[in-house]
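File shown here: input27.txt, holding compact mmCIF, C-alpha atoms.
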```txt
# COMPACT_ATOMS: atom_id res chain seq x y z
CA MET A 135 -39.23 -11.76 82.61
CA SER A 136 -38.05 -8.82 80.53
CA THR A 137 -34.89 -8.55 78.53
CA THR A 138 -33.10 -5.50 77.24
CA ARG A 139 -31.04 -5.27 74.06
CA GLY A 140 -27.73 -3.47 73.91
CA LYS A 141 -27.14 -0.48 71.68
CA MET A 142 -27.05 -1.52 68.00
CA ILE A 143 -24.86 -0.02 65.26
CA ASP A 144 -26.14 -0.73 61.77
CA ALA A 145 -23.92 -1.70 58.88
CA ASN A 146 -24.13 1.74 57.21
CA SER A 147 -22.94 3.51 60.34
CA HIS A 148 -20.06 1.06 60.67
CA LYS A 149 -19.13 1.59 57.02
CA GLY A 150 -19.25 5.35 57.50
CA ASP A 151 -16.94 5.17 60.51
CA ALA A 152 -14.54 3.00 58.52
CA GLY A 153 -14.52 5.56 55.71
CA ILE A 154 -13.61 8.37 58.09
CA ALA A 155 -10.90 6.20 59.66
CA LEU A 156 -9.44 5.61 56.19
CA ILE A 157 -9.40 9.37 55.51
CA HIS A 158 -7.71 9.99 58.88
CA ARG A 159 -5.03 7.42 58.04
CA ARG A 160 -4.41 8.87 54.56
CA VAL A 161 -4.18 12.44 55.85
CA SER A 162 -1.65 11.34 58.46
CA GLN A 163 0.39 9.55 55.77
CA MET A 164 0.39 12.81 53.81
CA LYS A 165 1.87 14.58 56.88
CA HIS A 166 -1.16 16.83 57.32
CA LEU A 167 -3.52 17.05 60.32
CA TRP A 168 -7.03 15.57 60.54
CA HIS A 169 -9.71 17.08 62.81
CA GLU A 170 -12.92 15.10 63.08
CA ARG A 171 -16.20 16.98 63.53
CA SER A 172 -19.26 15.35 65.08
CA ILE A 173 -21.70 18.28 65.25
CA ASP A 174 -21.87 19.57 61.67
CA PRO A 175 -24.22 17.29 59.64
CA GLY A 176 -22.73 18.30 56.31
CA ILE A 177 -19.03 18.09 57.20
CA ASP A 178 -17.29 15.06 58.71
CA GLY A 179 -13.96 16.72 59.43
CA THR A 180 -11.26 19.12 58.31
CA ILE A 181 -7.75 18.74 56.94
CA GLU A 182 -5.28 21.29 58.27
CA LEU A 183 -2.46 21.58 55.78
CA ARG A 184 1.19 21.40 56.72
CA ASP A 185 3.74 22.99 54.38
CA PRO A 186 6.02 20.12 53.26
CA SER A 187 8.88 22.51 52.49
CA THR A 188 9.08 23.86 56.06
CA GLY A 189 7.08 21.46 58.24
CA GLU A 190 5.02 24.42 59.45
CA VAL A 191 1.29 23.97 60.05
CA SER A 192 -0.36 26.46 57.71
CA ASN A 193 -3.65 27.13 59.56
CA GLN A 194 -5.39 26.52 56.25
CA HIS A 195 -8.30 24.07 56.41
CA ILE A 196 -10.23 21.97 53.93
CA PHE A 197 -13.72 20.77 54.87
CA VAL A 198 -14.32 17.09 54.14
CA GLN A 199 -17.52 15.13 53.54
CA SER A 200 -17.01 11.35 53.54
CA LYS A 201 -19.12 8.81 51.68
CA ALA A 202 -18.20 5.14 52.07
CA SER A 203 -19.65 2.15 50.25
CA ASP A 204 -18.75 -1.26 48.88
CA ALA A 205 -19.81 -0.08 45.40
CA PHE A 206 -20.96 3.22 43.91
CA ALA A 207 -23.40 3.91 41.09
CA GLY A 208 -22.14 3.09 37.60
CA GLU A 209 -18.88 1.73 38.99
CA THR A 210 -16.38 0.04 36.67
CA GLU A 211 -12.65 -0.46 36.95
CA ALA A 212 -12.19 3.08 35.59
CA LYS A 213 -14.97 5.24 37.02
CA PHE A 214 -18.15 5.73 39.04
CA HIS A 215 -20.52 8.54 39.98
CA TYR A 216 -22.22 9.81 43.10
CA ILE A 217 -25.57 11.63 43.33
CA CYS A 218 -25.53 14.27 46.06
CA LYS A 219 -28.50 15.52 48.02
CA GLN A 220 -29.74 18.99 47.14
CA ARG A 221 -29.50 20.25 50.70
CA ASP A 222 -25.88 19.05 50.96
CA VAL A 223 -24.86 20.81 47.76
CA ASP A 224 -26.57 24.01 48.86
CA TYR A 225 -24.80 23.80 52.21
CA TRP A 226 -21.35 23.11 50.68
CA MET A 227 -21.67 25.92 48.17
CA LYS A 228 -22.39 28.39 50.99
CA ALA A 229 -19.09 27.56 52.66
CA GLY A 230 -17.62 30.81 51.31
CA ASP A 231 -13.83 30.82 51.17
CA ASN A 232 -13.60 27.44 52.87
CA PRO A 233 -12.96 24.70 50.28
CA VAL A 234 -15.02 21.52 50.58
CA ILE A 235 -13.96 18.16 49.17
CA LEU A 236 -16.08 15.03 48.82
CA ILE A 237 -14.18 11.80 49.46
CA CYS A 238 -15.79 8.54 48.31
CA SER A 239 -14.14 5.38 49.58
CA HIS A 240 -14.15 1.61 49.72
CA PRO A 241 -12.89 1.09 53.30
CA ASP A 242 -12.60 -2.69 52.88
CA THR A 243 -10.10 -2.30 50.02
CA GLY A 244 -8.47 0.88 51.29
CA GLU A 245 -9.36 2.87 48.16
CA ALA A 246 -10.53 6.50 48.15
CA TRP A 247 -11.16 9.22 45.55
CA TRP A 248 -11.82 12.93 45.94
CA VAL A 249 -13.27 15.96 44.19
CA HIS A 250 -13.26 19.69 44.97
CA ILE A 251 -16.94 20.48 45.43
CA GLN A 252 -16.94 24.21 44.63
CA SER A 253 -15.03 23.71 41.39
CA TRP A 254 -17.24 20.83 40.27
CA PHE A 255 -20.58 22.45 41.03
CA ALA A 256 -19.53 25.80 39.57
CA ASP A 257 -20.68 24.23 36.30
CA PRO A 258 -24.46 24.87 36.04
CA SER A 259 -25.07 21.50 34.38
CA HIS A 260 -23.37 19.71 37.27
CA ARG A 261 -25.33 21.75 39.79
CA ALA A 262 -28.60 20.86 38.08
CA SER A 263 -27.87 17.12 37.94
CA LEU A 264 -26.36 16.89 41.48
CA ARG A 265 -24.06 14.23 40.00
CA VAL A 266 -20.32 14.00 40.59
CA ASP A 267 -18.29 11.87 38.16
CA PHE A 268 -15.09 10.24 39.42
CA ASP A 269 -12.18 9.03 37.32
CA LYS A 270 -10.43 6.39 39.40
CA ALA A 271 -7.04 6.94 37.75
CA THR A 272 -6.84 10.69 38.26
CA GLN A 273 -8.74 11.34 41.49
CA ARG A 274 -7.18 8.96 43.99
CA PHE A 275 -6.94 10.29 47.52
CA GLU A 276 -3.47 8.98 48.26
CA GLY A 277 0.20 9.78 47.84
CA ASP A 278 1.71 13.25 47.77
CA ILE A 279 -1.10 15.52 46.62
CA ALA A 280 0.01 18.51 48.69
CA ALA A 281 0.24 20.80 45.66
CA LYS A 282 -3.36 20.08 44.71
CA LEU A 283 -4.64 20.60 48.24
CA PHE A 284 -2.78 23.89 48.66
CA ALA A 285 -4.11 24.99 45.26
CA ILE A 286 -7.74 24.74 46.37
CA THR A 287 -7.13 26.48 49.71
CA ASP A 288 -5.56 29.42 47.89
CA PRO A 289 -6.05 29.36 44.11
CA HIS A 290 -3.86 32.48 43.82
CA GLY A 291 -0.82 30.54 44.95
CA ARG A 292 -0.06 32.29 48.24
CA ALA A 293 -0.52 29.18 50.36
CA HIS A 294 2.60 27.30 49.34
CA THR A 295 5.50 28.07 47.07
CA PRO A 296 7.86 25.18 46.20
CA VAL A 297 11.41 25.79 47.37
CA VAL A 298 14.30 25.54 44.93
CA ASP A 299 16.91 23.08 46.14
CA GLY A 300 20.60 23.30 45.33
CA ARG A 301 21.25 20.35 43.06
CA SER A 302 22.93 19.47 39.79
CA GLU A 303 20.54 18.26 37.11
CA THR A 304 20.63 17.72 33.38
CA LEU A 305 17.40 18.64 31.61
CA VAL A 306 16.61 16.90 28.32
CA SER A 307 14.76 19.13 25.88
CA ASN A 308 12.71 18.25 22.81
CA LEU A 309 15.02 20.29 20.55
CA LEU A 310 17.23 18.63 17.94
CA PRO A 311 19.74 20.75 15.98
CA VAL A 312 19.23 20.31 12.24
CA ASP A 313 21.50 20.64 9.21
CA PHE A 314 20.15 21.10 5.67
CA PRO A 315 21.41 21.43 2.09
CA ASP A 316 22.89 24.71 0.89
CA THR A 317 20.52 25.09 -2.08
CA TYR A 318 16.95 24.41 -3.12
CA PHE A 319 15.09 24.36 -6.47
CA THR A 320 12.10 26.37 -7.64
CA ALA A 321 10.01 26.52 -10.83
CA GLN A 322 6.73 28.03 -11.99
CA VAL A 323 3.50 26.01 -12.08
CA ALA A 324 0.18 26.71 -13.76
CA PRO A 325 -2.17 29.19 -12.03
CA GLY A 326 -4.45 27.46 -9.51
CA THR A 327 -2.16 24.46 -9.06
CA THR A 328 -2.70 22.85 -5.65
CA LEU A 329 -0.75 20.37 -3.59
CA ARG A 330 -3.32 17.75 -4.49
CA ASP A 331 -2.68 18.41 -8.19
CA VAL A 332 1.01 17.70 -7.65
CA PHE A 333 0.29 14.41 -5.88
CA VAL A 334 -2.07 13.28 -8.68
CA SER A 335 0.52 14.23 -11.30
CA GLN A 336 3.23 12.30 -9.48
CA ARG A 337 1.22 9.11 -9.33
CA ALA A 338 0.58 9.29 -13.08
CA THR A 339 4.32 9.31 -13.87
CA GLY A 340 5.14 5.98 -12.24
CA LYS A 341 8.36 7.52 -10.91
CA PRO A 342 9.40 7.61 -7.24
CA PHE A 343 6.98 9.62 -5.12
CA ARG A 344 8.29 12.77 -3.45
CA ARG A 345 7.23 14.86 -0.46
CA ASP A 346 10.19 17.28 -0.34
CA PHE A 347 8.24 20.18 -1.85
CA PHE A 348 5.36 22.61 -1.46
CA VAL A 349 3.46 24.96 -3.76
CA SER A 350 3.02 28.68 -3.09
CA HIS A 351 2.23 31.69 -5.29
CA GLN A 352 2.32 29.69 -8.54
CA ARG A 353 5.74 28.24 -7.77
CA ILE A 354 6.93 24.85 -6.61
CA TYR A 355 9.75 24.75 -4.08
CA ALA A 356 11.77 21.54 -3.68
CA TRP A 357 15.04 20.35 -2.18
CA SER A 358 16.14 18.15 -5.08
CA PRO A 359 16.30 18.76 -8.85
CA ILE A 360 12.90 18.77 -10.55
CA ALA A 361 13.85 17.79 -14.12
CA GLY A 362 13.54 14.07 -14.85
CA THR A 363 11.60 13.32 -11.64
CA SER A 364 7.93 12.82 -10.78
CA LEU A 365 7.64 16.59 -10.28
CA ALA A 366 8.70 17.49 -13.82
CA ARG A 367 5.19 17.31 -15.34
CA ILE A 368 3.81 19.92 -12.95
CA ALA A 369 6.51 22.55 -13.68
CA ILE A 370 5.93 24.86 -16.67
CA THR A 371 9.41 26.43 -16.58
CA ALA A 372 12.90 25.18 -15.99
CA ALA A 373 13.89 25.04 -12.32
CA ASN A 374 16.34 27.45 -10.75
CA GLU A 375 18.83 26.33 -8.10
CA THR A 376 18.96 28.97 -5.36
CA PRO A 377 21.09 29.33 -2.21
CA VAL A 378 19.15 28.73 0.98
CA GLY A 379 20.94 31.73 2.48
CA GLU A 380 18.84 34.07 0.33
CA LEU A 381 15.70 32.89 2.11
CA LEU A 382 17.33 33.08 5.53
CA ALA A 383 18.54 36.64 4.91
CA GLY A 384 15.23 37.74 3.41
CA THR A 385 11.90 38.96 4.74
CA ASP A 386 9.76 37.25 7.35
CA ASP A 387 7.69 35.74 4.52
CA GLU A 388 10.82 34.28 2.94
CA ARG A 389 11.92 32.77 6.26
CA ARG A 390 8.49 31.21 6.56
CA LEU A 391 9.01 29.68 3.11
CA PHE A 392 12.24 28.20 4.44
CA VAL A 393 10.42 26.68 7.44
CA ARG A 394 7.90 25.14 5.03
CA LEU A 395 10.80 23.66 3.08
CA LEU A 396 12.20 22.12 6.25
CA SER A 397 8.81 20.60 7.09
CA ALA A 398 8.51 19.16 3.58
CA ALA A 399 11.98 17.65 3.94
CA LEU A 400 11.09 16.01 7.24
CA GLN A 401 7.95 14.46 5.72
CA HIS A 402 9.94 13.22 2.74
CA ASP A 403 12.66 11.70 4.92
CA LEU A 404 10.06 9.71 6.89
CA LEU A 405 8.00 8.75 3.83
CA GLU A 406 8.92 5.07 4.13
CA VAL A 407 7.70 4.63 7.71
CA CYS A 408 5.10 7.33 8.44
CA ASP A 409 1.69 8.34 7.15
CA TRP A 410 0.18 11.81 7.30
CA SER A 411 -3.10 12.49 9.10
CA ASN A 412 -4.73 15.44 7.39
CA ALA A 413 -7.33 15.68 10.15
CA ARG A 414 -4.77 15.70 12.97
CA LYS A 415 -2.03 17.53 11.03
CA PHE A 416 0.74 15.21 12.17
CA LEU A 417 2.79 12.21 11.05
CA TYR A 418 2.07 8.85 12.64
CA PHE A 419 4.02 5.62 12.54
CA ARG A 420 2.74 3.29 9.83
CA ALA A 421 1.19 -0.05 10.84
CA SER A 422 2.99 -3.28 10.06
CA SER A 423 1.55 -5.25 7.14
CA ASP A 424 0.19 -7.94 9.47
CA LEU A 425 -0.75 -5.44 12.20
CA SER A 426 1.82 -6.93 14.54
CA GLU A 427 3.63 -4.86 17.14
CA ARG A 428 6.53 -2.69 15.92
CA LYS A 429 9.41 -1.47 18.05
CA VAL A 430 11.95 1.25 17.34
CA LEU A 431 15.38 1.84 18.82
CA SER A 432 14.96 5.21 20.48
CA GLY A 433 17.46 7.98 21.10
CA SER A 434 18.07 6.54 24.59
CA GLY A 435 19.43 3.32 23.07
CA ARG A 436 16.40 1.31 24.23
CA SER A 437 13.65 -0.15 22.08
CA ARG A 438 10.24 1.44 22.38
CA ILE A 439 6.89 0.44 20.91
CA ALA A 440 5.86 2.60 17.95
CA PHE A 441 2.76 0.61 16.92
CA LYS A 442 0.64 -1.77 18.94
CA GLY A 443 -2.85 -3.27 18.97
CA PHE A 444 -5.15 -3.32 22.00
CA TYR A 445 -8.26 -5.33 22.72
CA GLN A 446 -11.26 -3.27 23.74
CA ARG A 447 -11.73 -5.68 26.63
CA LYS A 448 -9.05 -7.93 28.00
CA ASP A 449 -11.58 -10.57 29.05
CA ASP A 450 -12.95 -10.96 25.52
CA PRO A 451 -10.23 -11.17 22.81
CA THR A 452 -12.86 -11.76 20.13
CA LEU A 453 -13.86 -8.09 20.23
CA LYS A 454 -12.39 -5.83 17.58
CA GLN A 455 -9.04 -4.24 18.35
CA PHE A 456 -7.94 -0.67 18.04
CA TYR A 457 -4.34 0.33 17.35
CA ARG A 458 -2.09 2.95 18.88
CA HIS A 459 0.52 4.64 16.68
CA ALA A 460 3.31 6.90 17.88
CA ALA A 461 2.74 10.30 16.25
CA LEU A 462 4.81 13.44 15.79
CA ARG A 463 4.08 17.13 15.68
CA TRP A 464 6.98 19.46 15.04
CA ASP A 465 8.12 22.99 14.43
CA PHE A 466 11.40 24.50 13.26
CA VAL A 467 12.83 27.34 15.30
CA ASP A 468 15.92 29.52 15.04
CA ILE A 469 17.74 29.58 18.39
CA GLY A 470 20.95 31.56 18.58
CA GLU A 471 21.38 31.49 14.79
CA GLU A 472 21.12 27.69 14.79
CA TRP A 473 18.03 25.92 13.51
CA HIS A 474 16.37 23.29 15.67
CA CYS A 475 13.48 20.90 15.24
CA GLN A 476 11.07 21.06 18.17
CA ALA A 477 9.68 17.51 18.34
CA THR A 478 6.36 17.08 20.19
CA PRO A 479 5.21 13.46 20.54
CA ASP A 480 1.55 12.57 20.18
CA TYR A 481 -0.58 9.50 19.49
CA TYR A 482 -2.84 8.33 16.68
CA PHE A 483 -5.53 5.68 17.22
CA SER A 484 -6.79 3.65 14.27
CA SER A 485 -9.41 0.97 13.82
CA ASP A 486 -7.50 -1.02 11.19
CA GLY A 487 -3.98 0.39 11.15
CA ARG A 488 -4.98 3.36 8.98
CA ARG A 489 -8.51 4.70 9.47
CA GLU A 490 -8.94 6.72 12.65
CA ALA A 491 -10.79 4.85 15.40
CA HIS A 492 -14.29 6.02 16.23
CA PHE A 493 -13.41 6.80 19.86
CA ALA A 494 -9.92 8.14 19.16
CA ASP A 495 -10.49 11.31 21.18
CA ASP A 496 -11.56 9.28 24.23
CA TYR A 497 -8.56 6.96 23.94
CA LEU A 498 -6.18 9.91 23.61
CA ALA A 499 -7.70 11.83 26.53
CA ARG A 500 -7.47 8.79 28.79
CA LEU A 501 -3.86 8.12 27.85
CA LYS A 502 -2.86 11.75 28.36
CA ARG A 503 -4.41 11.73 31.84
CA MET A 504 -2.30 8.71 32.77
CA GLU A 505 0.93 9.76 31.07
CA ARG A 506 3.74 11.17 33.21
CA ASN A 507 7.07 12.79 32.50
CA PRO A 508 9.11 9.57 31.91
CA ALA A 509 6.61 8.47 29.27
CA VAL A 510 6.76 11.83 27.46
CA LEU A 511 10.57 11.70 27.57
CA GLY A 512 10.51 8.16 26.20
CA GLU A 513 8.26 9.13 23.29
CA THR A 514 10.46 12.15 22.55
CA GLN A 515 13.53 9.90 22.49
CA LEU A 516 11.68 7.48 20.20
CA TRP A 517 11.21 10.23 17.62
CA ALA A 518 14.76 11.47 18.12
CA GLY A 519 15.95 7.99 17.17
CA ILE A 520 13.73 7.92 14.08
CA LEU A 521 14.74 11.40 12.93
CA ARG A 522 18.42 10.63 13.42
CA GLY A 523 18.14 7.33 11.50
CA GLU A 524 19.25 5.28 14.50
CA ALA A 525 16.47 2.68 14.26
CA GLU A 526 17.04 -0.79 12.80
CA PRO A 527 17.94 -0.67 9.07
CA THR A 528 15.10 -3.07 8.19
CA LEU A 529 12.67 -0.66 9.83
CA LEU A 530 13.97 2.52 8.24
CA PRO A 531 15.17 1.64 4.72
CA ASN A 532 15.55 5.36 3.97
CA THR A 533 18.91 5.67 5.72
CA SER A 534 20.60 8.86 6.83
CA GLU A 535 22.67 8.94 3.60
CA ASP A 536 19.44 9.24 1.60
CA ARG A 537 17.92 11.92 3.75
CA ILE A 538 17.70 15.64 3.17
CA LEU A 539 17.99 16.69 6.81
CA THR A 540 20.56 15.64 9.40
CA PHE A 541 19.60 15.87 13.05
CA GLY A 542 21.82 16.12 16.10
CA PRO A 543 21.03 14.64 19.53
CA LEU A 544 18.38 16.12 21.79
CA ALA A 545 19.72 19.31 23.35
CA THR A 546 20.40 19.12 27.10
CA PHE A 547 20.89 21.82 29.70
CA ASP A 548 22.81 21.59 32.98
CA ILE A 549 21.29 23.44 35.93
CA THR A 550 22.39 23.96 39.52
CA GLY A 551 18.96 24.26 41.15
CA GLY A 552 15.61 22.56 40.88
CA ILE A 553 12.28 21.87 42.56
CA ASP A 554 11.58 18.42 43.96
CA ASP A 555 9.20 16.53 41.70
CA LYS A 556 6.80 15.87 44.60
CA ASP A 557 6.26 19.63 44.95
CA TRP A 558 4.81 19.83 41.45
CA GLN A 559 1.42 18.46 40.53
CA ALA A 560 1.36 14.95 41.95
CA PRO A 561 1.11 11.89 39.69
CA VAL A 562 -2.46 10.75 39.30
CA GLY A 563 -2.07 7.11 38.38
CA GLY A 564 -1.01 5.05 35.42
CA ASP A 565 2.44 3.88 34.49
CA ASP A 566 5.62 5.66 33.47
CA ASN A 567 5.54 3.60 30.29
CA PRO A 568 2.31 4.00 28.29
CA ASP A 569 3.09 0.71 26.51
CA GLN A 570 1.99 -0.98 29.75
CA MET A 571 -1.16 1.10 30.28
CA ALA A 572 -4.39 -0.84 30.42
CA PHE A 573 -7.58 0.43 28.88
CA ASP A 574 -11.20 -0.21 29.82
CA PHE A 575 -13.65 0.60 27.03
CA GLU A 576 -16.83 -1.02 28.25
CA ASP A 577 -18.53 2.39 27.89
CA HIS A 578 -18.40 2.01 24.11
CA GLU A 579 -19.89 -1.46 23.81
```
Could you show the structure in this file as structure tokens?
Amino acid sequence: MSTTRGKMIDANSHKGDAGIALIHRRVSQMKHLWHERSIDPGIDGTIELRDPSTGEVSNQHIFVQSKASDAFAGETEAKFHYICKQRDVDYWMKAGDNPVILICSHPDTGEAWWVHIQSWFADPSHRASLRVDFDKATQRFEGDIAAKLFAITDPHGRAHTPVVDGRSETLVSNLLPVDFPDTYFTAQVAPGTTLRDVFVSQRATGKPFRRDFFVSHQRIYAWSPIAGTSLARIAITAANETPVGELLAGTDDERRLFVRLLSAALQHDLLEVCDWSNARKFLYFRASSDLSERKVLSGSGRSRIAFKGFYQRKDDPTLKQFYRHAALRWDFVDIGEEWHCQATPDYYFSSDGRREAHFADDYLARLKRMERNPAVLGETQLWAGILRGEAEPTLLPNTSEDRILTFGPLATFDITGGIDDKDWQAPVGGDDNPDQMAFDFEDHE
């Protein structure tokens, strides 16, 4: 007696079908069209883009290759990689003007990530290795990624132009108007005197340390009187008090001297709470004495974390921490005959509250990839609060009455038209508040 067995579908084929089904579902959620292909061995289907501003089908297609698995090579909570076959890469790169994307997915968990093949393998080192690296936070195939998809179908921008909507909006800038004293002081110093020489001289006096000065062309420029202070030993002549207006009405070089004076004043005003990173060329919020978390009342009226420690791995609190400090870059600009401070928030990562962490660049790059507009606004408001002296008195003992510069609120602009946020580059993961962002640093163990 003979028996026959029905047609069998192995687990890999089932997983592959589930991966394509997931892509179909995601494309439909994005309001685009999915066309499955069963003949082409190197392409599983195409996405036909639909312009979200008009609802019109664009007749622009993206070729898709799907790879589905329960786990990919080198996979962690943050990343994984995929090794392509040589013949597939050669085939994809011959697609001409047709963009090809590789989508790797976990159908069982509904997760998918994507990469633009031609852009990735345009790098000779990538082409030689056949390896594609995926960052799970930034390469998710989900949500409103229309702008990114249109960008790869037409990198010159003809495929889709966001439409300006009629709306009333208030834009918050990073500009704070600044007021300053009417005069400054200047005296001669010995030839070859450097900024370092002035700092060494100050420490030897035992008098209060100052940062409201700089040295240029054998002269010291300062906001406050020099005689009787820690700067007196470095001056070889009596100081002259000079109207600031003479610098402002002078040459471009003299206006640059004025900008340097403003920068020195800002550093002096924040001397009690900030340290200077000579390598990074910015101020960063000083660690607490016991390395505990520090919060600051920001310009929005809400408290925001200015210093915080993180464990390298959440599952092992015995591992050494690193610390994230709010940091500030700035410039002073003359806008409409009114001087403003352009505050640009940044971050400093230390190993002990002072020395820069060994993997600081990696930490910063990862945070910047996750950071979105609300987080940048929050950090800008944090520094606005510090500059304006609005933080708690115990945190900023150098109150506004003691400061050289006086800052106004962040400048705002009312507009009557704008582009919907979803039509810009789509968010790529993370949290609006970087204080809540998790880090995975197993790579560095």
* Could you jot down the atom CA of A:Arg261 to atom CA of A:Lys502 separation for me, Å, one decimal place? =>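 Atom CA of A:Arg261 sits 27.1 Å away from atom CA of A:Lys502.
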* Asked: Nearest to A:Ala356: which of A:Gly379, A:Gly519, A:Pro315, A:Pro233 is it, counting all atoms listed in the file?
  ->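 So, comparing all the options, the nearest one is A:Pro315.
Ranking A:Leu381, A:Ile154, A:Ile286, A:Ile237 by their shortest atom-to-atom distance to A:Ile196, with only C-alpha atoms included, puts A:Ile286 first.
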* For atom CA of A:Phe541 and atom CA of A:Ile354, quote the distance in Å rounded to one decimal. => 25.1 Å
* **atom CA of A:Phe255 to atom CA of A:Trp168, distance in Å rounded to a single decimal** =>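 Distance reported for this atom pair: 24.7 Å.
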Please, which residues in stretch 435-498 of chain A fall within 12 Å of stretch 503-518 of chain A when counting all atoms listed in the file, and what is the closest atom pair and distance in Å to one decimal for each, ordered by chain then residue number, as JSON lines?
```
{"residue": "A:Gly435", "atom": "CA", "partner": "A:Gln515", "partner_atom": "CA", "distance": 8.9}
{"residue": "A:Arg436", "atom": "CA", "partner": "A:Leu516", "partner_atom": "CA", "distance": 8.8}
{"residue": "A:Ser437", "atom": "CA", "partner": "A:Leu516", "partner_atom": "CA", "distance": 8.1}
{"residue": "A:Arg438", "atom": "CA", "partner": "A:Leu516", "partner_atom": "CA", "distance": 6.6}
{"residue": "A:Ile439", "atom": "CA", "partner": "A:Leu516", "partner_atom": "CA", "distance": 8.5}
{"residue": "A:Ala440", "atom": "CA", "partner": "A:Leu516", "partner_atom": "CA", "distance": 7.9}
{"residue": "A:Phe441", "atom": "CA", "partner": "A:Leu516", "partner_atom": "CA", "distance": 11.7}
{"residue": "A:His459", "atom": "CA", "partner": "A:Glu513", "partner_atom": "CA", "distance": 11.1}
{"residue": "A:Ala460", "atom": "CA", "partner": "A:Glu513", "partner_atom": "CA", "distance": 7.7}
{"residue": "A:Ala461", "atom": "CA", "partner": "A:Trp517", "partner_atom": "CA", "distance": 8.6}
{"residue": "A:Leu462", "atom": "CA", "partner": "A:Trp517", "partner_atom": "CA", "distance": 7.4}
{"residue": "A:Arg463", "atom": "CA", "partner": "A:Trp517", "partner_atom": "CA", "distance": 10.1}
{"residue": "A:Trp464", "atom": "CA", "partner": "A:Trp517", "partner_atom": "CA", "distance": 10.5}
{"residue": "A:Cys475", "atom": "CA", "partner": "A:Ala518", "partner_atom": "CA", "distance": 9.9}
{"residue": "A:Gln476", "atom": "CA", "partner": "A:Thr514", "partner_atom": "CA", "distance": 9.9}
{"residue": "A:Ala477", "atom": "CA", "partner": "A:Thr514", "partner_atom": "CA", "distance": 6.9}
{"residue": "A:Thr478", "atom": "CA", "partner": "A:Thr514", "partner_atom": "CA", "distance": 6.8}
{"residue": "A:Pro479", "atom": "CA", "partner": "A:Thr514", "partner_atom": "CA", "distance": 5.8}
{"residue": "A:Asp480", "atom": "CA", "partner": "A:Glu513", "partner_atom": "CA", "distance": 8.2}
{"residue": "A:Tyr481", "atom": "CA", "partner": "A:Glu513", "partner_atom": "CA", "distance": 9.6}
{"residue": "A:Asp496", "atom": "CA", "partner": "A:Arg503", "partner_atom": "CA", "distance": 10.7}
{"residue": "A:Tyr497", "atom": "CA", "partner": "A:Arg503", "partner_atom": "CA", "distance": 10.1}
{"residue": "A:Leu498", "atom": "CA", "partner": "A:Arg503", "partner_atom": "CA", "distance": 8.6}
```
Within 12 Å of stretch 330-336 of chain A, which residues of stretch 348-380 of chain A show up? Give each one with its shortest atom-to-atom distance in Å (one decimal) and the two atoms involved, counting all atoms listed in the file, rows by chain then rising residue number, as JSON lines.
```
{"residue": "A:Phe348", "atom": "CA", "partner": "A:Val332", "partner_atom": "CA", "distance": 9.0}
{"residue": "A:Val349", "atom": "CA", "partner": "A:Val332", "partner_atom": "CA", "distance": 8.6}
{"residue": "A:Arg353", "atom": "CA", "partner": "A:Val332", "partner_atom": "CA", "distance": 11.6}
{"residue": "A:Ile354", "atom": "CA", "partner": "A:Val332", "partner_atom": "CA", "distance": 9.3}
{"residue": "A:Tyr355", "atom": "CA", "partner": "A:Val332", "partner_atom": "CA", "distance": 11.8}
{"residue": "A:Ile360", "atom": "CA", "partner": "A:Gln336", "partner_atom": "CA", "distance": 11.7}
{"residue": "A:Gly362", "atom": "CA", "partner": "A:Gln336", "partner_atom": "CA", "distance": 11.8}
{"residue": "A:Thr363", "atom": "CA", "partner": "A:Gln336", "partner_atom": "CA", "distance": 8.7}
{"residue": "A:Ser364", "atom": "CA", "partner": "A:Gln336", "partner_atom": "CA", "distance": 4.9}
{"residue": "A:Leu365", "atom": "CA", "partner": "A:Gln336", "partner_atom": "CA", "distance": 6.2}
{"residue": "A:Ala366", "atom": "CA", "partner": "A:Gln336", "partner_atom": "CA", "distance": 8.7}
{"residue": "A:Arg367", "atom": "CA", "partner": "A:Ser335", "partner_atom": "CA", "distance": 6.9}
{"residue": "A:Ile368", "atom": "CA", "partner": "A:Val332", "partner_atom": "CA", "distance": 6.4}
{"residue": "A:Ala369", "atom": "CA", "partner": "A:Val332", "partner_atom": "CA", "distance": 9.5}
```
Can those selected residues be exported to a file as a compact mmCIF listing (two decimals), in the coordinates of the input so that it contains C-alpha atoms?
```txt
# COMPACT_ATOMS: atom_id res chain seq x y z
CA PHE A 348 5.36 22.61 -1.46
CA VAL A 349 3.46 24.96 -3.76
CA ARG A 353 5.74 28.24 -7.77
CA ILE A 354 6.93 24.85 -6.61
CA TYR A 355 9.75 24.75 -4.08
CA ILE A 360 12.90 18.77 -10.55
CA GLY A 362 13.54 14.07 -14.85
CA THR A 363 11.60 13.32 -11.64
CA SER A 364 7.93 12.82 -10.78
CA LEU A 365 7.64 16.59 -10.28
CA ALA A 366 8.70 17.49 -13.82
CA ARG A 367 5.19 17.31 -15.34
CA ILE A 368 3.81 19.92 -12.95
CA ALA A 369 6.51 22.55 -13.68
```
* Given the choices A:Phe483, A:Phe314, A:Phe343, A:Phe547, which gets closest to A:Ala399 if the distance is worked out from only C-alpha atoms? -> A:Phe314
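Counting all atoms listed in the file, the residue from A:Ala152, A:Ile538, A:Cys218, A:Leu501 that sits nearest to A:Asp403 is A:Ile538.
The closest residue to A:Met227, picked from A:Ile251, A:Leu183, A:Val312, A:Ile177 and counting all atoms listed in the file, is A:Ile251.
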* Just the residues within 12 Å of A:Asp536, please, counting only C-alpha atoms, with nothing from its chain fewer than 6 positions along; format it as a list in words. => Ser358, Ala399, His402, Asp403, Leu404, Leu405, Glu406, Arg522, Gly523 and Leu530 of chain A
